[in-house]
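Q: Below is the file start_32.cif, with mmCIF, C-alpha atoms and all ligand atoms.
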```cif
data_start
loop_
_atom_site.group_PDB
_atom_site.id
_atom_site.type_symbol
_atom_site.label_atom_id
_atom_site.label_comp_id
_atom_site.auth_asym_id
_atom_site.auth_seq_id
_atom_site.Cartn_x
_atom_site.Cartn_y
_atom_site.Cartn_z
ATOM 1 C CA MET A 153 11.836 132.863 174.073
ATOM 2 C CA ASN A 154 11.011 130.832 177.174
ATOM 3 C CA ILE A 155 7.600 131.061 178.811
ATOM 4 C CA SER A 156 6.907 129.429 182.155
ATOM 5 C CA LEU A 157 3.260 128.504 182.601
ATOM 6 C CA ILE A 158 1.603 128.287 186.001
ATOM 7 C CA ILE A 159 -1.840 126.712 186.123
ATOM 8 C CA GLY A 160 -3.294 127.595 189.501
ATOM 9 C CA SER A 161 -5.667 124.633 189.641
ATOM 10 C CA LEU A 162 -4.861 121.180 190.980
ATOM 11 C CA SER A 163 -8.057 119.742 189.486
ATOM 12 C CA LYS A 164 -7.736 117.047 186.817
ATOM 13 C CA GLN A 165 -10.762 118.522 184.980
ATOM 14 C CA SER A 166 -9.513 122.087 185.277
ATOM 15 C CA ILE A 167 -11.200 124.656 183.058
ATOM 16 C CA ASN A 168 -8.220 126.929 183.630
ATOM 17 C CA ARG A 169 -5.971 124.229 182.167
ATOM 18 C CA SER A 170 -8.249 124.100 179.105
ATOM 19 C CA ILE A 171 -8.001 127.865 178.693
ATOM 20 C CA ALA A 172 -4.214 127.770 179.196
ATOM 21 C CA ASN A 173 -3.881 124.991 176.597
ATOM 22 C CA TYR A 174 -5.735 127.107 174.063
ATOM 23 C CA ILE A 175 -3.659 130.241 174.725
ATOM 24 C CA VAL A 176 -0.368 128.345 174.544
ATOM 25 C CA ALA A 177 -1.417 126.676 171.274
ATOM 26 C CA GLN A 178 -1.671 130.170 169.719
ATOM 27 C CA PHE A 179 1.960 131.047 170.470
ATOM 28 C CA PRO A 180 4.415 131.120 167.538
ATOM 29 C CA ALA A 181 6.340 127.848 167.057
ATOM 30 C CA GLU A 182 9.647 129.302 168.314
ATOM 31 C CA VAL A 183 8.194 130.004 171.769
ATOM 32 C CA LYS A 184 9.142 127.330 174.292
ATOM 33 C CA VAL A 185 6.607 126.732 177.044
ATOM 34 C CA GLN A 186 7.431 124.928 180.255
ATOM 35 C CA GLU A 187 4.779 124.201 182.848
ATOM 36 C CA VAL A 188 5.756 124.991 186.418
ATOM 37 C CA ARG A 189 4.272 122.057 188.295
ATOM 38 C CA ILE A 190 2.766 123.271 191.570
ATOM 39 C CA ASP A 191 0.819 120.261 192.861
ATOM 40 C CA ASP A 192 3.751 118.739 194.753
ATOM 41 C CA LEU A 193 5.073 121.902 196.415
ATOM 42 C CA PRO A 194 5.218 121.883 200.219
ATOM 43 C CA LEU A 195 3.565 124.941 201.740
ATOM 44 C CA TYR A 196 6.177 127.658 201.991
ATOM 45 C CA THR A 197 7.698 128.641 205.312
ATOM 46 C CA GLN A 198 10.837 130.709 205.830
ATOM 47 C CA ASP A 199 12.066 127.945 208.139
ATOM 48 C CA ARG A 200 12.911 125.998 204.963
ATOM 49 C CA ASP A 201 15.172 128.771 203.607
ATOM 50 C CA LYS A 202 18.289 127.144 205.001
ATOM 51 C CA GLU A 203 17.391 123.655 203.760
ATOM 52 C CA SER A 204 17.609 122.385 200.214
ATOM 53 C CA VAL A 205 14.067 121.560 199.091
ATOM 54 C CA ALA A 206 14.238 119.847 195.692
ATOM 55 C CA GLU A 207 10.731 120.932 194.644
ATOM 56 C CA TYR A 208 11.503 124.572 195.518
ATOM 57 C CA ASP A 209 14.812 124.437 193.601
ATOM 58 C CA ARG A 210 12.995 123.074 190.545
ATOM 59 C CA VAL A 211 10.288 125.748 190.381
ATOM 60 C CA ARG A 212 12.625 128.607 191.290
ATOM 61 C CA GLU A 213 14.864 127.607 188.366
ATOM 62 C CA GLN A 214 11.832 127.572 186.048
ATOM 63 C CA ILE A 215 10.801 131.083 187.112
ATOM 64 C CA LYS A 216 14.393 132.330 186.925
ATOM 65 C CA MET A 217 15.018 131.136 183.352
ATOM 66 C CA ALA A 218 11.688 132.410 181.991
ATOM 67 C CA ASP A 219 11.557 135.472 179.744
ATOM 68 C CA ALA A 220 7.967 135.798 180.946
ATOM 69 C CA VAL A 221 5.496 133.901 183.099
ATOM 70 C CA LEU A 222 1.845 133.201 182.295
ATOM 71 C CA ILE A 223 -0.437 132.474 185.249
ATOM 72 C CA VAL A 224 -3.870 130.988 184.514
ATOM 73 C CA SER A 225 -5.767 130.554 187.749
ATOM 74 C CA PRO A 226 -9.180 129.900 189.240
ATOM 75 C CA GLU A 227 -10.645 131.874 192.131
ATOM 76 C CA HIS A 228 -11.367 130.179 195.449
ATOM 77 C CA ASN A 229 -13.787 131.878 197.848
ATOM 78 C CA ARG A 230 -13.261 135.255 196.227
ATOM 79 C CA ALA A 231 -9.506 134.968 196.671
ATOM 80 C CA ILE A 232 -6.228 133.583 195.292
ATOM 81 C CA PRO A 233 -6.211 129.763 195.485
ATOM 82 C CA ALA A 234 -3.700 128.525 198.053
ATOM 83 C CA ALA A 235 -1.634 126.665 195.443
ATOM 84 C CA THR A 236 -1.261 129.821 193.323
ATOM 85 C CA LYS A 237 -0.234 131.893 196.331
ATOM 86 C CA ASN A 238 2.243 129.210 197.402
ATOM 87 C CA ILE A 239 4.276 129.411 194.177
ATOM 88 C CA ILE A 240 4.254 133.224 194.375
ATOM 89 C CA ASP A 241 5.667 132.991 197.909
ATOM 90 C CA ILE A 242 8.229 130.276 197.096
ATOM 91 C CA ALA A 243 9.705 132.275 194.203
ATOM 92 C CA SER A 244 9.798 135.476 196.284
ATOM 93 C CA ARG A 245 12.165 134.070 198.914
ATOM 94 C CA PRO A 246 14.679 133.568 200.580
ATOM 95 C CA TYR A 247 14.807 137.276 201.423
ATOM 96 C CA GLY A 248 16.991 139.052 198.897
ATOM 97 C CA GLN A 249 16.463 136.384 196.237
ATOM 98 C CA ASN A 250 13.055 137.494 194.955
ATOM 99 C CA LEU A 251 12.727 136.066 191.446
ATOM 100 C CA TRP A 252 9.645 138.151 190.623
ATOM 101 C CA GLN A 253 11.625 141.422 190.627
ATOM 102 C CA GLY A 254 11.329 142.795 187.070
ATOM 103 C CA LYS A 255 9.783 139.544 185.797
ATOM 104 C CA LYS A 256 7.175 139.938 183.076
ATOM 105 C CA VAL A 257 3.971 138.227 184.163
ATOM 106 C CA ALA A 258 0.527 137.966 182.552
ATOM 107 C CA ILE A 259 -2.474 136.827 184.556
ATOM 108 C CA VAL A 260 -5.638 135.136 183.310
ATOM 109 C CA THR A 261 -8.487 133.918 185.504
ATOM 110 C CA ALA A 262 -11.442 131.799 184.428
ATOM 111 C CA SER A 263 -14.570 130.706 186.222
ATOM 112 C CA PRO A 264 -17.923 129.117 185.420
ATOM 113 C CA GLY A 265 -19.528 132.036 187.283
ATOM 114 C CA ALA A 266 -20.448 135.545 186.240
ATOM 115 C CA TYR A 267 -17.366 137.337 187.561
ATOM 116 C CA GLY A 268 -14.615 135.363 185.857
ATOM 117 C CA GLY A 269 -12.439 135.081 188.947
ATOM 118 C CA ILE A 270 -11.775 138.831 188.901
ATOM 119 C CA ASN A 271 -11.093 138.974 192.645
ATOM 120 C CA ALA A 272 -8.361 136.363 192.365
ATOM 121 C CA GLY A 273 -6.981 138.032 189.234
ATOM 122 C CA LEU A 274 -6.666 141.405 190.920
ATOM 123 C CA GLN A 275 -5.225 139.877 194.097
ATOM 124 C CA ILE A 276 -2.578 137.972 192.120
ATOM 125 C CA ARG A 277 -1.695 141.232 190.361
ATOM 126 C CA GLN A 278 -1.499 143.157 193.631
ATOM 127 C CA SER A 279 0.704 140.544 195.250
ATOM 128 C CA LEU A 280 3.091 140.311 192.289
ATOM 129 C CA GLN A 281 3.321 144.083 191.855
ATOM 130 C CA SER A 282 4.174 144.467 195.528
ATOM 131 C CA ILE A 283 7.261 142.321 194.927
ATOM 132 C CA GLY A 284 8.341 144.109 191.778
ATOM 133 C CA ALA A 285 6.886 142.035 188.958
ATOM 134 C CA ASN A 286 6.163 143.734 185.638
ATOM 135 C CA VAL A 287 2.523 142.701 185.199
ATOM 136 C CA LEU A 288 0.760 142.956 181.824
ATOM 137 C CA ILE A 289 -2.238 145.216 182.441
ATOM 138 C CA SER A 290 -3.877 145.299 179.028
ATOM 139 C CA PRO A 291 -5.507 143.202 177.802
ATOM 140 C CA GLU A 292 -6.624 141.677 181.072
ATOM 141 C CA ILE A 293 -8.699 138.508 181.044
ATOM 142 C CA PHE A 294 -11.195 137.461 183.705
ATOM 143 C CA LEU A 295 -13.132 134.873 181.726
ATOM 144 C CA SER A 296 -16.700 134.427 182.983
ATOM 145 C CA ARG A 297 -19.033 131.534 182.062
ATOM 146 C CA ALA A 298 -15.893 129.701 181.000
ATOM 147 C CA THR A 299 -17.498 126.234 180.916
ATOM 148 C CA GLN A 300 -19.892 127.496 178.237
ATOM 149 C CA ALA A 301 -16.932 128.245 175.983
ATOM 150 C CA LEU A 302 -15.671 124.641 176.138
ATOM 151 C CA ASN A 303 -16.865 121.542 174.291
ATOM 152 C CA GLU A 304 -17.214 118.059 175.859
ATOM 153 C CA GLN A 305 -13.516 117.380 175.343
ATOM 154 C CA GLY A 306 -12.680 120.495 177.340
ATOM 155 C CA GLU A 307 -11.473 122.414 174.290
ATOM 156 C CA VAL A 308 -12.282 126.056 173.581
ATOM 157 C CA ALA A 309 -15.123 125.882 171.063
ATOM 158 C CA ASP A 310 -16.796 129.283 171.358
ATOM 159 C CA GLU A 311 -15.621 131.526 168.506
ATOM 160 C CA ARG A 312 -15.759 134.806 170.372
ATOM 161 C CA THR A 313 -13.763 133.415 173.288
ATOM 162 C CA ALA A 314 -11.263 131.814 170.892
ATOM 163 C CA GLY A 315 -10.888 135.197 169.175
ATOM 164 C CA PHE A 316 -9.991 137.204 172.227
ATOM 165 C CA LEU A 317 -7.798 134.478 173.712
ATOM 166 C CA SER A 318 -5.842 134.422 170.422
ATOM 167 C CA LYS A 319 -5.475 138.191 170.523
ATOM 168 C CA PHE A 320 -4.336 137.996 174.128
ATOM 169 C CA ALA A 321 -1.745 135.313 173.206
ATOM 170 C CA GLN A 322 -0.305 137.517 170.429
ATOM 171 C CA THR A 323 -0.149 140.632 172.588
ATOM 172 C CA PHE A 324 1.459 138.714 175.455
ATOM 173 C CA ILE A 325 4.221 137.261 173.269
ATOM 174 C CA GLN A 326 4.942 140.614 171.579
ATOM 175 C CA TRP A 327 5.174 142.265 175.003
ATOM 176 C CA ALA A 328 7.335 139.447 176.383
ATOM 177 C CA LYS A 329 9.764 139.861 173.460
ATOM 178 C CA ALA A 330 10.056 143.652 173.728
HETATM 179 C C1 LIG B 401 -14.772 127.740 193.868
HETATM 180 N N1 LIG B 401 -15.331 128.359 192.758
HETATM 181 C C2 LIG B 401 -15.421 129.740 192.710
HETATM 182 N N2 LIG B 401 -15.689 130.404 191.524
HETATM 183 C C3 LIG B 401 -15.722 131.756 191.498
HETATM 184 O O1 LIG B 401 -15.915 132.340 190.438
HETATM 185 N N3 LIG B 401 -15.518 132.481 192.640
HETATM 186 C C4 LIG B 401 -15.252 131.902 193.845
HETATM 187 O O2 LIG B 401 -15.046 132.586 194.830
HETATM 188 C C5 LIG B 401 -15.201 130.478 193.897
HETATM 189 N N4 LIG B 401 -14.922 129.817 195.077
HETATM 190 C C6 LIG B 401 -14.580 128.484 195.040
HETATM 191 C C7 LIG B 401 -14.021 127.888 196.181
HETATM 192 C C8 LIG B 401 -13.574 126.575 196.106
HETATM 193 C C9 LIG B 401 -12.910 125.961 197.298
HETATM 194 C C10 LIG B 401 -13.737 125.835 194.913
HETATM 195 C C11 LIG B 401 -13.235 124.409 194.815
HETATM 196 C C12 LIG B 401 -14.339 126.401 193.834
HETATM 197 C C13 LIG B 401 -15.736 127.578 191.584
HETATM 198 C C14 LIG B 401 -14.585 127.465 190.614
HETATM 199 O O3 LIG B 401 -14.584 128.587 189.762
HETATM 200 C C15 LIG B 401 -14.746 126.182 189.799
HETATM 201 O O4 LIG B 401 -14.602 125.073 190.665
HETATM 202 C C16 LIG B 401 -13.745 126.101 188.658
HETATM 203 O O5 LIG B 401 -13.942 124.883 187.977
HETATM 204 C C17 LIG B 401 -12.327 126.210 189.178
HETATM 205 O O6 LIG B 401 -11.420 126.240 188.119
HETATM 206 P P1 LIG B 401 -10.637 124.915 187.681
HETATM 207 O O7 LIG B 401 -10.075 124.277 188.903
HETATM 208 O O8 LIG B 401 -11.660 124.009 186.992
HETATM 209 O O9 LIG B 401 -9.603 125.385 186.707
#
```
Using structure tokens, write down the structure that the file contains.

A:
Amino acid sequence: MNISLIIGSLSKQSINRSIANYIVAQFPAEVKVQEVRIDDLPLYTQDRDKESVAEYDRVREQIKMADAVLIVSPEHNRAIPAATKNIIDIASRPYGQNLWQGKKVAIVTASPGAYGGINAGLQIRQSLQSIGANVLISPEIFLSRATQALNEQGEVADERTAGFLSKFAQTFIQWAKA
């Protein structure tokens, strides 16, 4: 079972990376996780469809080979962060080569604020569903007050949060396998 992991934050201190690390650590040992690096991707334009762009080839291959994709993303100004949207666009094109069609995808958002990045989470879902992805709807995670769940090392330390992230990880892998 191959899982491709997209962390929608380019920040070195990313709380979404901390949350993703915790979720991935709960997966059974046989699950292989590969991070899809998005910080070096040129902004997508269809003008590049006829060129070979090494960074695009790399991430498209990672999405293609994945049994399922896990996206863990922040919210920027009540919307999908540009870097998260860019990888969605890159893997949806060239026209006719949409890699999201039928792809199993789970979405998690986390924020220090009260709303847990729910706007970004729902926008990511809407975008992916519009291009045929099979998005996990339940459980859905929009993790509010996420910094309060982390210790000084950036690890998930809050028991309640750890509990539902573990449950999410199990459900996601079972669903991805089915
Ligand atoms: C934010 N942040 C934010 N948070 C939120 O819950 N809703 C929002 O609309 C926004 N808007 C926003 C815009 C921009 C440009 C930045 C940089 C930040 C705060 C954000 O949740 C916070 O910076 C988190 O730390 C982002 O997650 P990572 O990057 O730490 O994983």

Q: Using only C-alpha atoms and all ligand atoms, what does the table of chain A residues within 6 Å of ligand LIG 401 (chain B) look like, with each row giving the shortest atom pair and its distance in Å to one decimal, sorted by chain and ascending number, as a tab-separated table?

A:
```
residue	atom	partner	partner_atom	distance
A:Ser161	CA	B:LIG401	O7	4.5
A:Ser163	CA	B:LIG401	O7	5.0
A:Gln165	CA	B:LIG401	O8	5.9
A:Ser166	CA	B:LIG401	O8	3.4
A:Ile167	CA	B:LIG401	O8	4.0
A:Asn168	CA	B:LIG401	O9	3.7
A:Arg169	CA	B:LIG401	O9	5.9
A:Pro226	CA	B:LIG401	O6	4.4
A:Glu227	CA	B:LIG401	C4	4.9
A:His228	CA	B:LIG401	C7	3.6
A:Asn229	CA	B:LIG401	O2	3.3
A:Arg230	CA	B:LIG401	O2	3.5
A:Ser263	CA	B:LIG401	O3	4.1
A:Pro264	CA	B:LIG401	O3	5.5
A:Gly265	CA	B:LIG401	O1	4.8
A:Tyr267	CA	B:LIG401	O1	5.9
A:Gly268	CA	B:LIG401	O1	5.6
A:Gly269	CA	B:LIG401	O1	4.7
```

Q: Which of these, A:Lys319, A:Arg277, A:Arg210, A:Lys329, has the shortest distance to Ile175 in chain A once you count only C-alpha atoms?

A: A:Lys319

Q: Here's the selection I'm unsure about, the PyMOL selection byres (((chain A and resi 291) around 9) and not hetatm); applied to the file above, which residues does it give, as number ranges by chain?

A: A: 288-290, 292-293, 319-320, 323-324

Q: Quick one, how far is CA of Val287 in chain A from CA of Pro246 in chain A?

A: 21.6 Å

Q: Please determine, counting only C-alpha atoms, which residue among A:Asp199, A:Glu304, A:Asp209, A:Asp310 has the shortest atom-to-atom distance to Tyr174 in chain A.

A: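 Looking only at the distances to Tyr174 in chain A, the closest residue turns out to be A:Asp310.
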
Q: Can you work out which one of A:Ser244, A:Gln326, A:Ser296, A:Gln253 has the shortest atom-to-atom distance to Thr313 in chain A, counting all atoms listed in the file?

A: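 Closest candidate: A:Ser296.
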
Q: Ile283 in chain A: which residues within 12 Å, counting all atoms listed in the file, same-chain residues fewer than 5 positions away excluded, as a count of residues only?

A: 18

Q: One decimal, in Å: what's the spacing between CA of Met217 in chain A and CA of Ala272 in chain A?

A: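 Between CA of Met217 in chain A and CA of Ala272 in chain A the gap is 25.6 Å.
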
Q: For Leu162 in chain A, list every protein, DNA or RNA residue within 8 Å, evaluated using only C-alpha atoms, and leave out those in the same chain fewer than 3 positions away; present the list as a list in words.

A: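 Using only C-alpha atoms, the neighbours found are Ile159, Ser166, Ile190, Asp191 and Ala235 of chain A.
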
Q: Counting all atoms listed in the file, which residues have an atom no more than 12 Å from (0.4, 131.0, 170.0) in the file's coordinates? Please list them as an NGL selection string.

A: :A and (155 or 172-185 or 314 or 317-326)

Q: So which residues get picked by the PyMOL selection byres (((chain A and resi 220-222) around 7) and not hetatm) here, written as a list in words?

A: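 Matching residues under the PyMOL selection byres (((chain A and resi 220-222) around 7) and not hetatm) are Asn154, Ile155, Ser156, Leu157, Ile158, Ala218, Asp219, Ile223, Val224, Lys255, Lys256, Val257, Ala258, Ile259 and Ala328 of chain A.
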
Q: Please compute the CA of Ala285 in chain A-CA of Ala206 in chain A distance, one decimal, in Å.

A: 24.3 Å

Q: How big is the axis-aligned box, and where does its centre sit, when it encloses all atoms of range 177-188 of chain A listed in the file and has 4 Å added on every side, reported in Å to one decimal as JSON?

A:
```
{"center_x": 4.0, "center_y": 127.7, "center_z": 176.7, "size_x": 19.3, "size_y": 14.9, "size_z": 27.4}
```

Q: Compare A:Val260, A:Glu213, A:Lys164, A:Phe316 by their minimum atom-to-atom distance to Ala301 in chain A, counting all atoms listed in the file, and give me the closest one.

A: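 Using all atoms listed in the file, Ala301 in chain A sits closest to A:Phe316.
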
Q: Please determine, counting all atoms listed in the file, which residue among A:Ala234, A:Glu203, A:Trp327, A:Lys216 has the shortest atom-to-atom distance to Asn286 in chain A.

A: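 Among the listed residues, the smallest separation from Asn286 in chain A belongs to A:Trp327.
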